[in-house]
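A short worksheet on the structure shown next.
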Amino acid sequence: MKPERGFTLVEVLVVLAIVVILAAIAYPSYAGFVTKTRRLEGQIALIETIQQQERFYTRANTYIGFSSESSDAQEKRFKWYSGGAAAGSAYELSARACPGRELSQCVEVLATPGTAKVDANFRDADCETLTLNSAGERSASGPSGRCWP
């Protein structure tokens, strides 16, 4: 009689249980790193947009507000999404006058996560909307105080 080959059902279940436990430990860490990476994408987009606003200011002596719905040719020069393409971006960008000030004095750029025009599945519960203004002040609307490096 030949010796039997293969795995028993108990051996397969033990290996499967180990894989499930490792996945349960690893997934939250992975998801956290993805969120931090997408948040960094938004921060970089805000910095690039503020630089573009400052270049515009040196020529026009004013800042310009914009959003994804902008139709003006000057406003369309500003990218309203954070990534390489709108569909894969984590944040939708917009610009407006700083609270209590004129647009010719100060501009505030906002990065709003997971809107309908960008990746609607992305959520950042810790930081939510990121903001950066022309005075260099940065903030976030979420409960975490550690949204900017």
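As shown in the structure tokens, the chain order sets the letters A, B, ...; within each chain, residues go from 1, and ligands are also counted from 1 in the order they appear.
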What lies within 8 Å of Cys147 (chain A) using only C-alpha atoms, ignoring chain neighbours under 5 positions off, as a compact mmCIF listing (two decimals) with C-alpha atoms, in the first residue's frame?
```txt
# COMPACT_ATOMS: atom_id res chain seq x y z
CA ASP A 126 -8.48 62.60 11.20
CA CYS A 127 -7.81 65.70 9.10
CA SER A 139 -4.78 74.02 9.21
CA ALA A 140 -7.23 71.15 8.96
```
*Contacts of Ala116 (chain A) at 10 Å or less, counting only C-alpha atoms, minus same-chain residues fewer than 3 places along, as a list in words?*
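The filter keeps Ala87, Glu92, Pro113, Asp119, Ala120 and Asn121 of chain A.
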Output file for the selection above: C-alpha atoms, as a short mmCIF file (atom, residue, chain, number, x, y, z; two decimals), in the first residue's frame:
```
data_model
loop_
_atom_site.label_atom_id
_atom_site.label_comp_id
_atom_site.auth_asym_id
_atom_site.auth_seq_id
_atom_site.Cartn_x
_atom_site.Cartn_y
_atom_site.Cartn_z
CA ALA A 87 -10.54 60.52 -11.25
CA GLU A 92 -10.57 68.53 -4.79
CA PRO A 113 -11.15 64.85 0.39
CA ASP A 119 -12.04 59.63 -5.64
CA ALA A 120 -15.32 59.63 -3.72
CA ASN A 121 -14.22 56.59 -1.68
#
```
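Between Gly42 (chain A) and the candidates A:Leu132, A:Ala86, A:Ala26, A:Ala111, the tightest atom-to-atom separation, counting only C-alpha atoms, involves A:Ala111.
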Name all residues at most 12 Å from Leu40 (chain A) (count only C-alpha atoms; drop same-chain ones fewer than 4 positions away) and give them as an mmCIF file with C-alpha atoms, in the first residue's frame.
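Contents of out.cif, freshly written:
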```
data_model
loop_
_atom_site.group_PDB
_atom_site.id
_atom_site.type_symbol
_atom_site.label_atom_id
_atom_site.label_comp_id
_atom_site.auth_asym_id
_atom_site.auth_seq_id
_atom_site.Cartn_x
_atom_site.Cartn_y
_atom_site.Cartn_z
ATOM 1 C CA PHE A 33 -0.237 54.266 5.411
ATOM 2 C CA VAL A 34 -2.517 54.718 2.388
ATOM 3 C CA THR A 35 -4.379 57.546 4.157
ATOM 4 C CA LYS A 36 -1.125 59.271 5.147
ATOM 5 C CA ILE A 44 1.840 68.882 -1.926
ATOM 6 C CA ALA A 45 -1.011 70.045 -4.168
ATOM 7 C CA LEU A 46 -1.761 72.899 -1.748
ATOM 8 C CA ILE A 47 1.871 74.030 -1.709
ATOM 9 C CA SER A 82 -4.569 66.935 -6.245
ATOM 10 C CA GLY A 83 -3.215 64.078 -8.368
ATOM 11 C CA SER A 89 -7.074 62.200 -7.034
ATOM 12 C CA ALA A 90 -7.777 62.151 -3.330
ATOM 13 C CA TYR A 91 -8.611 65.859 -2.971
ATOM 14 C CA ALA A 111 -8.169 70.545 -0.283
ATOM 15 C CA PRO A 113 -11.146 64.850 0.389
ATOM 16 C CA ASP A 124 -9.644 61.213 5.999
ATOM 17 C CA CYS A 127 -7.809 65.700 9.098
ATOM 18 C CA LEU A 130 -6.735 70.769 4.586
ATOM 19 C CA CYS A 147 -2.157 66.812 9.921
ATOM 20 C CA TRP A 148 0.799 68.839 8.707
ATOM 21 C CA PRO A 149 4.464 67.867 9.155
#
```
_In chain A, DSSP helix (DSSP H, G or I) residues written as a PyMOL selection string_ = chain A and resi 9-60+75-77
Take the residues just selected and output them with C-alpha atoms as a compact mmCIF listing (two decimals), in the first residue's frame.
```txt
# COMPACT_ATOMS: atom_id res chain seq x y z
CA LEU A 9 -8.30 19.22 6.36
CA VAL A 10 -7.03 20.13 9.83
CA GLU A 11 -3.64 21.23 8.41
CA VAL A 12 -5.33 23.39 5.76
CA LEU A 13 -7.59 25.02 8.36
CA VAL A 14 -4.65 25.79 10.65
CA VAL A 15 -2.76 27.48 7.80
CA LEU A 16 -5.89 29.39 6.77
CA ALA A 17 -6.40 30.58 10.37
CA ILE A 18 -2.80 31.82 10.52
CA VAL A 19 -3.21 33.72 7.24
CA VAL A 20 -6.45 35.35 8.46
CA ILE A 21 -4.82 36.43 11.73
CA LEU A 22 -1.83 37.94 9.89
CA ALA A 23 -4.15 39.77 7.47
CA ALA A 24 -6.23 41.13 10.36
CA ILE A 25 -3.07 42.51 11.95
CA ALA A 26 -1.56 43.93 8.75
CA TYR A 27 -4.61 45.55 7.06
CA PRO A 28 -5.21 48.43 9.54
CA SER A 29 -1.55 49.39 9.30
CA TYR A 30 -1.70 49.29 5.50
CA ALA A 31 -4.88 51.41 5.44
CA GLY A 32 -3.22 53.97 7.72
CA PHE A 33 -0.24 54.27 5.41
CA VAL A 34 -2.52 54.72 2.39
CA THR A 35 -4.38 57.55 4.16
CA LYS A 36 -1.13 59.27 5.15
CA THR A 37 0.16 58.99 1.58
CA ARG A 38 -3.04 60.45 0.12
CA ARG A 39 -2.92 63.25 2.73
CA LEU A 40 0.62 64.05 1.62
CA GLU A 41 -0.69 64.23 -1.97
CA GLY A 42 -3.14 66.90 -0.82
CA GLN A 43 -0.49 68.85 1.07
CA ILE A 44 1.84 68.88 -1.93
CA ALA A 45 -1.01 70.05 -4.17
CA LEU A 46 -1.76 72.90 -1.75
CA ILE A 47 1.87 74.03 -1.71
CA GLU A 48 2.08 73.90 -5.51
CA THR A 49 -1.17 75.87 -5.82
CA ILE A 50 0.00 78.55 -3.37
CA GLN A 51 3.20 78.90 -5.42
CA GLN A 52 1.11 79.28 -8.56
CA GLN A 53 -1.07 81.87 -6.80
CA GLU A 54 2.04 83.84 -5.78
CA ARG A 55 3.27 83.86 -9.39
CA PHE A 56 -0.16 85.12 -10.47
CA TYR A 57 -0.04 87.79 -7.74
CA THR A 58 3.30 89.16 -8.99
CA ARG A 59 1.74 89.80 -12.41
CA ALA A 60 -1.81 90.86 -11.49
CA GLU A 75 -9.40 80.49 -13.15
CA LYS A 76 -9.08 77.39 -15.34
CA ARG A 77 -5.29 77.81 -15.28
```
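Taking CA of Thr115 (chain A) and CA of Gly84 (chain A) as endpoints, the distance between them is 16.1 Å.
Computed from the coordinates, the CA of Tyr81 (chain A) to CA of Ser68 (chain A) distance equals 8.0 Å.
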